[in-house]
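Asks: Below: one structure in structure tokens.
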Amino acid sequence: MGAGHGHKLHYHGHSPIHRLPAHVKLLGLLGFMLTVVATPRDWYLVFVCYLTVLGVFIAVSQVPPPYIAKRMVIEVPFVVFALLMPFISTGARTEFLGLTVSEPGLLAAGGLLAKGTLGVIASLTLAATTEPRDLLAGLARLRFPDQLVQIMGFMIRYLDVVGDEMRRMRVARESRGFRATSLRHWPVVARSSGALFIRSYERGERVHLAMVSRGYTGTLPQTRADR
Amino acid sequence: MSAPVLEVRGLAYAYPDGHQALYGVNLHVHQGERVALLGPNGAGKTTLVLHLNGILAPGAGSVSVSGLPVTKANVQEVRRRVGVVFQDPDDQLFMPSVRDDVAFGPANHGVKGKALEARVRDALDKVGMSEFIDRPPHHLSYGQRRRVAVATVLAMEPEILVLDEPSSNLDPASRRELADILRSLAVTVLMVTHDLPYALELCSRSVVLSDGVIVADGPTCELLTDEVLMSAHRLELPFGFDPRAVRLPSAG
């Protein structure tokens, strides 16, 4: 329920990293990630280098490290999975911190954690230094399909509206004494989600009407001279 | 008199599910008039509005805007001439900033560069929202969003401004500010509402739409004091409100 909103990832600033064009940053992130993923997982030193590079970027961008650290909670599911791997994998056994675990599993878990963490830090740095609007413009400049860019733009714009609606529905539910405490209550939550979906869908139709009324024909027009 | 800005003749419409919403509506609005379209919930007001800019196509009858018939071929020009401000500003404002949103309409109609910038500034000036030009619409108050919604339509330089329930959900101060703005605009207005004091305040002429037909057309004050007409069409004045006791701020 408490999913973070896209733009809350942005950290306002004027560093050189903030000023870099969005499409350069996007390509940079993509290149970095492909390199990280392609690196054999037992080249430990190389991973340390990657982390150092990211550290330098974050330092230059002047985004406080705790700001990024807090938002890394999103990685938790992967961490849990990585922690399980040494126990559920097969193969040669080895001693690790007093536990008998699978050696290939341990290696795979280490690799997953290292690569995942690097990816999350890099993406968060991009999000912290780039406004969602500029990201979209960057994607458009990279010839990303126009329709997908439009859909993402609408998502950013309406996350707040739908989030508010969801909060209001929850408050209305709870004001009538409802609390989702047990499995028995799930059907109610499911029905509210259904209602939310229908409301959002209908809002989509109304937004489309309002757009068509102002002459929309399928492509968003250039609304600024400087783009 | 010149060709009416808005001319609706014998307009009838049934929704695809068979529900008939309009049964032969006739309506004329002339240059510079401010007309209130009154009617209870479910009278067909919104259906009528959606015909004015060609979103819905009439089952029978016709609509024309300054002499230009509303047809598939003319639809883009009709939408420039008829500016519709919808009830919920969140439906109308969808771009990442106020500037982009106000520019959306004129840009769709081919306005570019400096001219576009001038249109945006001018429209925001008219609604007193210039200082918010770079803000995202969802960070504005509801009253401010309503004013920006009006600006998004003014930027198209429409010949007629159609407002759907402009006063809904506004606090009294925002309501008055919006009224001041609407009075200051030199544009023909059709205001759809069931807020009768607001109609009296802003529009010297009103029409009543009930069950899909226009049942009355005349000076607002006269209609509002006709108790038989009012109660026959589920129109009620707020408690304690007497149209005869109101002093109007220079009728428009």
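All residue names refer to the structure tokens as shown: chains lettered A, B, ... in order, residues numbered from 1 in each chain, ligands numbered from 1 in order.
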Quick one: which chain A residues come within 8 Å of chain B, and what is the nearest atom pair for each with the distance in Å to one decimal, counting only C-alpha atoms, rows ordered by chain and ascending number, as a tab-separated table?

Replies:
residue	atom	partner	partner_atom	distance
A:Arg133	CA	B:Pro96	CA	6.8
A:Gly153	CA	B:Pro96	CA	7.7
A:Phe154	CA	B:Phe94	CA	6.9
A:Arg157	CA	B:Phe94	CA	6.3
A:Tyr158	CA	B:Phe94	CA	7.7
A:Asp160	CA	B:His138	CA	7.7
A:Val161	CA	B:Asp90	CA	7.8
A:Arg203	CA	B:Asp91	CA	6.8
A:Gly204	CA	B:Asp91	CA	8.0
A:Arg206	CA	B:Asp91	CA	6.0
A:Val207	CA	B:Asp91	CA	4.5
A:Leu209	CA	B:Ile55	CA	7.6
A:Ala210	CA	B:Gln92	CA	5.5
A:Met211	CA	B:Gln92	CA	7.2
A:Val212	CA	B:Ile55	CA	7.8
A:Ser213	CA	B:Arg79	CA	5.8
A:Arg214	CA	B:Gly105	CA	4.8
A:Gly215	CA	B:Asn108	CA	5.6
A:Tyr216	CA	B:Asn108	CA	6.0
A:Thr217	CA	B:Asn108	CA	7.8
A:Leu220	CA	B:Asn108	CA	7.8
A:Pro221	CA	B:Ala107	CA	5.7
A:Gln222	CA	B:Ala107	CA	6.6
A:Thr223	CA	B:Ala103	CA	5.4
A:Arg224	CA	B:Gly113	CA	7.0
A:Ala225	CA	B:Gly113	CA	4.8

Asks: Take the residues that were just selected and, keeping N, CA and C atoms, output them as a short mmCIF file (atom, residue, chain, number, x, y, z; two decimals), in the first residue's frame.

Replies:
data_model
loop_
_atom_site.label_atom_id
_atom_site.label_comp_id
_atom_site.auth_asym_id
_atom_site.auth_seq_id
_atom_site.Cartn_x
_atom_site.Cartn_y
_atom_site.Cartn_z
N ARG A 133 10.38 14.43 -15.30
CA ARG A 133 10.03 15.04 -16.58
C ARG A 133 11.21 15.00 -17.54
N GLY A 153 4.54 9.24 -18.68
CA GLY A 153 4.25 10.61 -18.23
C GLY A 153 2.95 10.66 -17.46
N PHE A 154 1.92 10.02 -17.99
CA PHE A 154 0.63 10.00 -17.32
C PHE A 154 0.72 9.28 -15.98
N ARG A 157 2.12 11.66 -13.50
CA ARG A 157 1.16 12.71 -13.16
C ARG A 157 0.06 12.18 -12.25
N TYR A 158 -0.43 10.97 -12.50
CA TYR A 158 -1.62 10.51 -11.79
C TYR A 158 -1.34 9.62 -10.60
N ASP A 160 -0.09 10.48 -7.82
CA ASP A 160 -0.57 11.23 -6.67
C ASP A 160 -2.07 11.18 -6.54
N VAL A 161 -2.75 11.40 -7.68
CA VAL A 161 -4.21 11.45 -7.67
C VAL A 161 -4.77 10.10 -7.23
N ARG A 203 -11.51 7.69 -14.81
CA ARG A 203 -10.79 8.96 -14.84
C ARG A 203 -9.99 9.04 -16.14
N GLY A 204 -9.39 7.92 -16.51
CA GLY A 204 -8.64 7.88 -17.77
C GLY A 204 -9.52 8.31 -18.93
N ARG A 206 -12.17 10.23 -18.76
CA ARG A 206 -12.48 11.67 -18.66
C ARG A 206 -11.29 12.51 -19.09
N VAL A 207 -10.09 12.07 -18.69
CA VAL A 207 -8.89 12.82 -19.08
C VAL A 207 -8.79 12.83 -20.61
N LEU A 209 -11.19 12.58 -22.78
CA LEU A 209 -12.20 13.52 -23.28
C LEU A 209 -11.69 14.95 -23.22
N ALA A 210 -11.11 15.30 -22.06
CA ALA A 210 -10.62 16.68 -21.89
C ALA A 210 -9.50 16.97 -22.87
N MET A 211 -8.68 15.95 -23.17
CA MET A 211 -7.59 16.15 -24.12
C MET A 211 -8.13 16.34 -25.53
N VAL A 212 -9.06 15.45 -25.91
CA VAL A 212 -9.65 15.54 -27.24
C VAL A 212 -10.34 16.88 -27.42
N SER A 213 -10.95 17.39 -26.33
CA SER A 213 -11.63 18.68 -26.41
C SER A 213 -10.67 19.81 -26.70
N ARG A 214 -9.40 19.61 -26.39
CA ARG A 214 -8.42 20.65 -26.70
C ARG A 214 -7.62 20.28 -27.94
N GLY A 215 -8.18 19.41 -28.76
CA GLY A 215 -7.58 19.18 -30.07
C GLY A 215 -6.53 18.08 -30.12
N TYR A 216 -6.47 17.21 -29.11
CA TYR A 216 -5.49 16.13 -29.11
C TYR A 216 -5.83 15.13 -30.22
N THR A 217 -4.81 14.74 -31.00
CA THR A 217 -5.08 13.80 -32.08
C THR A 217 -4.22 12.55 -32.00
N LEU A 220 1.49 13.98 -28.46
CA LEU A 220 1.61 15.16 -27.63
C LEU A 220 2.37 16.21 -28.43
N PRO A 221 1.84 17.43 -28.48
CA PRO A 221 2.53 18.47 -29.26
C PRO A 221 3.74 18.98 -28.49
N GLN A 222 4.62 19.63 -29.20
CA GLN A 222 5.76 20.33 -28.59
C GLN A 222 5.20 21.51 -27.83
N THR A 223 5.33 21.52 -26.48
CA THR A 223 4.75 22.65 -25.75
C THR A 223 5.79 23.65 -25.32
N ARG A 224 7.05 23.41 -25.67
CA ARG A 224 8.08 24.38 -25.30
C ARG A 224 8.98 24.66 -26.47
N ALA A 225 9.44 25.90 -26.51
CA ALA A 225 10.31 26.29 -27.63
C ALA A 225 11.69 25.67 -27.48
#

Asks: Set the distance at 9 Å and use only C-alpha atoms: which residues neighbour Ala140 of chain A once local chain neighbours fewer than 6 positions away are removed? I'd like the list as a list of chain:residue names.

Replies: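 Everything that qualifies: A:His23, A:Asp146, A:Val149.
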
Asks: Which residue gives the smallest distance to Ala173 of chain B among B:Gly143, B:Gly59, B:Pro197, B:Gly32, with only C-alpha atoms counted?

Replies: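 Smallest separation from Ala173 of chain B among the options: B:Gly143.
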
Asks: Would you kindly return, as a tab-separated table (two decimals) with C-alpha atoms, in the first residue's frame, each protein, DNA or RNA residue with an atom no farther than 9 Å from any atom of Val162 of chain A, considering only C-alpha atoms and excluding same-chain residues fewer than 5 positions away?

Replies:
chain	number	residue	atom	x	y	z
A	167	ARG	CA	-5.95	6.86	0.94
A	196	LEU	CA	-10.17	1.90	-7.36
A	199	ARG	CA	-12.46	4.72	-10.85
A	200	SER	CA	-8.99	5.12	-12.32

Asks: Based on the backbone DSSP call, show me all residues of segment 17-102 of chain B assigned alpha helix (DSSP H), as JSON, numbers by chain.

Replies: {"B": [45, 46, 47, 48, 49, 50, 51, 52, 75, 76, 77, 78, 79, 80, 81, 89, 90, 91, 92, 98, 99, 100, 101, 102]}

Asks: Taking only segment 2-208 of chain A into account, list the residues labelled strand (DSSP E) by DSSP (computed from the backbone), as a count of residues only.

Replies: 8

Asks: Find the spatial neighbours of Ser64 of chain B, counting only C-alpha atoms, within a cut-off of 9 Å - ignore same-chain residues fewer than 2 positions away - and output them as a list in words.

Replies: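 Here the qualifying residues turn out to be Pro4, Val5, Leu6, Glu7, Val8, Arg9, Leu52, Ser62, Ser66, Gly67, Leu68, Pro69, Val70, Thr71 and Val78 of chain B.
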
Asks: Between A:Leu126, A:Ser192, A:Lys115, A:Ile198, which one has atoms that come closest to Ala38 of chain A, using only C-alpha atoms?

Replies: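 Using only C-alpha atoms, Ala38 of chain A sits closest to A:Lys115.
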
Asks: Pick out the closest residue to Phe197 of chain A from this set: A:Ser61, A:His185, A:Met166, A:Thr52. Count only C-alpha atoms.

Replies: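 Comparing A:Ser61, A:His185, A:Met166, A:Thr52 against Phe197 of chain A, the winner is A:Met166.
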
Asks: Between atom CA of Gly10 of chain B and atom CA of Leu224 of chain B, what is the spacing in Å?

Replies: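 Atom CA of Gly10 of chain B lies 25.4 Å from atom CA of Leu224 of chain B.
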
Asks: B:Val65, B:Leu56, B:Ala36, B:Leu200: which is nearest Pro16 of chain B, counting only C-alpha atoms?

Replies: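 Closest to Pro16 of chain B of all the choices is B:Leu56.
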
Asks: I'd like the contact shell of Ile88 of chain A - 8 Å cut-off, only C-alpha atoms, skipping same-chain residues fewer than 2 positions apart - returned as a PDB file with N, CA and C atoms, in the first residue's frame.

Replies:
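Written out: selection.pdb:
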ATOM      1  N   LEU A  84      18.825 -16.971   1.230  1.00  0.00           N
ATOM      2  CA  LEU A  84      18.326 -18.353   1.221  1.00  0.00           C
ATOM      3  C   LEU A  84      19.184 -19.253   0.352  1.00  0.00           C
ATOM      4  N   MET A  85      19.773 -18.670  -0.705  1.00  0.00           N
ATOM      5  CA  MET A  85      20.449 -19.483  -1.714  1.00  0.00           C
ATOM      6  C   MET A  85      21.487 -20.457  -1.167  1.00  0.00           C
ATOM      7  N   PRO A  86      22.389 -20.021  -0.270  1.00  0.00           N
ATOM      8  CA  PRO A  86      23.397 -20.955   0.208  1.00  0.00           C
ATOM      9  C   PRO A  86      22.783 -22.166   0.906  1.00  0.00           C
ATOM     10  N   THR A  90      22.378 -26.969  -4.094  1.00  0.00           N
ATOM     11  CA  THR A  90      23.065 -28.258  -3.927  1.00  0.00           C
ATOM     12  C   THR A  90      24.541 -28.048  -4.232  1.00  0.00           C
ATOM     13  N   SER A 102      26.031 -24.528   1.011  1.00  0.00           N
ATOM     14  CA  SER A 102      26.466 -24.950  -0.321  1.00  0.00           C
ATOM     15  C   SER A 102      27.438 -23.917  -0.893  1.00  0.00           C
ATOM     16  N   GLY A 105      26.186 -22.102  -4.018  1.00  0.00           N
ATOM     17  CA  GLY A 105      25.084 -21.245  -3.565  1.00  0.00           C
ATOM     18  C   GLY A 105      25.620 -19.967  -2.947  1.00  0.00           C
TER      19      GLY A 105
END

Asks: Atom CA of Ile214 of chain B and atom CA of Asn169 of chain B are how many Å apart?

Replies: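 For atom CA of Ile214 of chain B relative to atom CA of Asn169 of chain B, the distance reads 26.6 Å.
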
Asks: Can you work out which one of A:Val188, A:Ile121, A:Val36, A:Val48 has the shortest atom-to-atom distance to Val73 of chain A, counting only C-alpha atoms?

Replies: A:Ile121
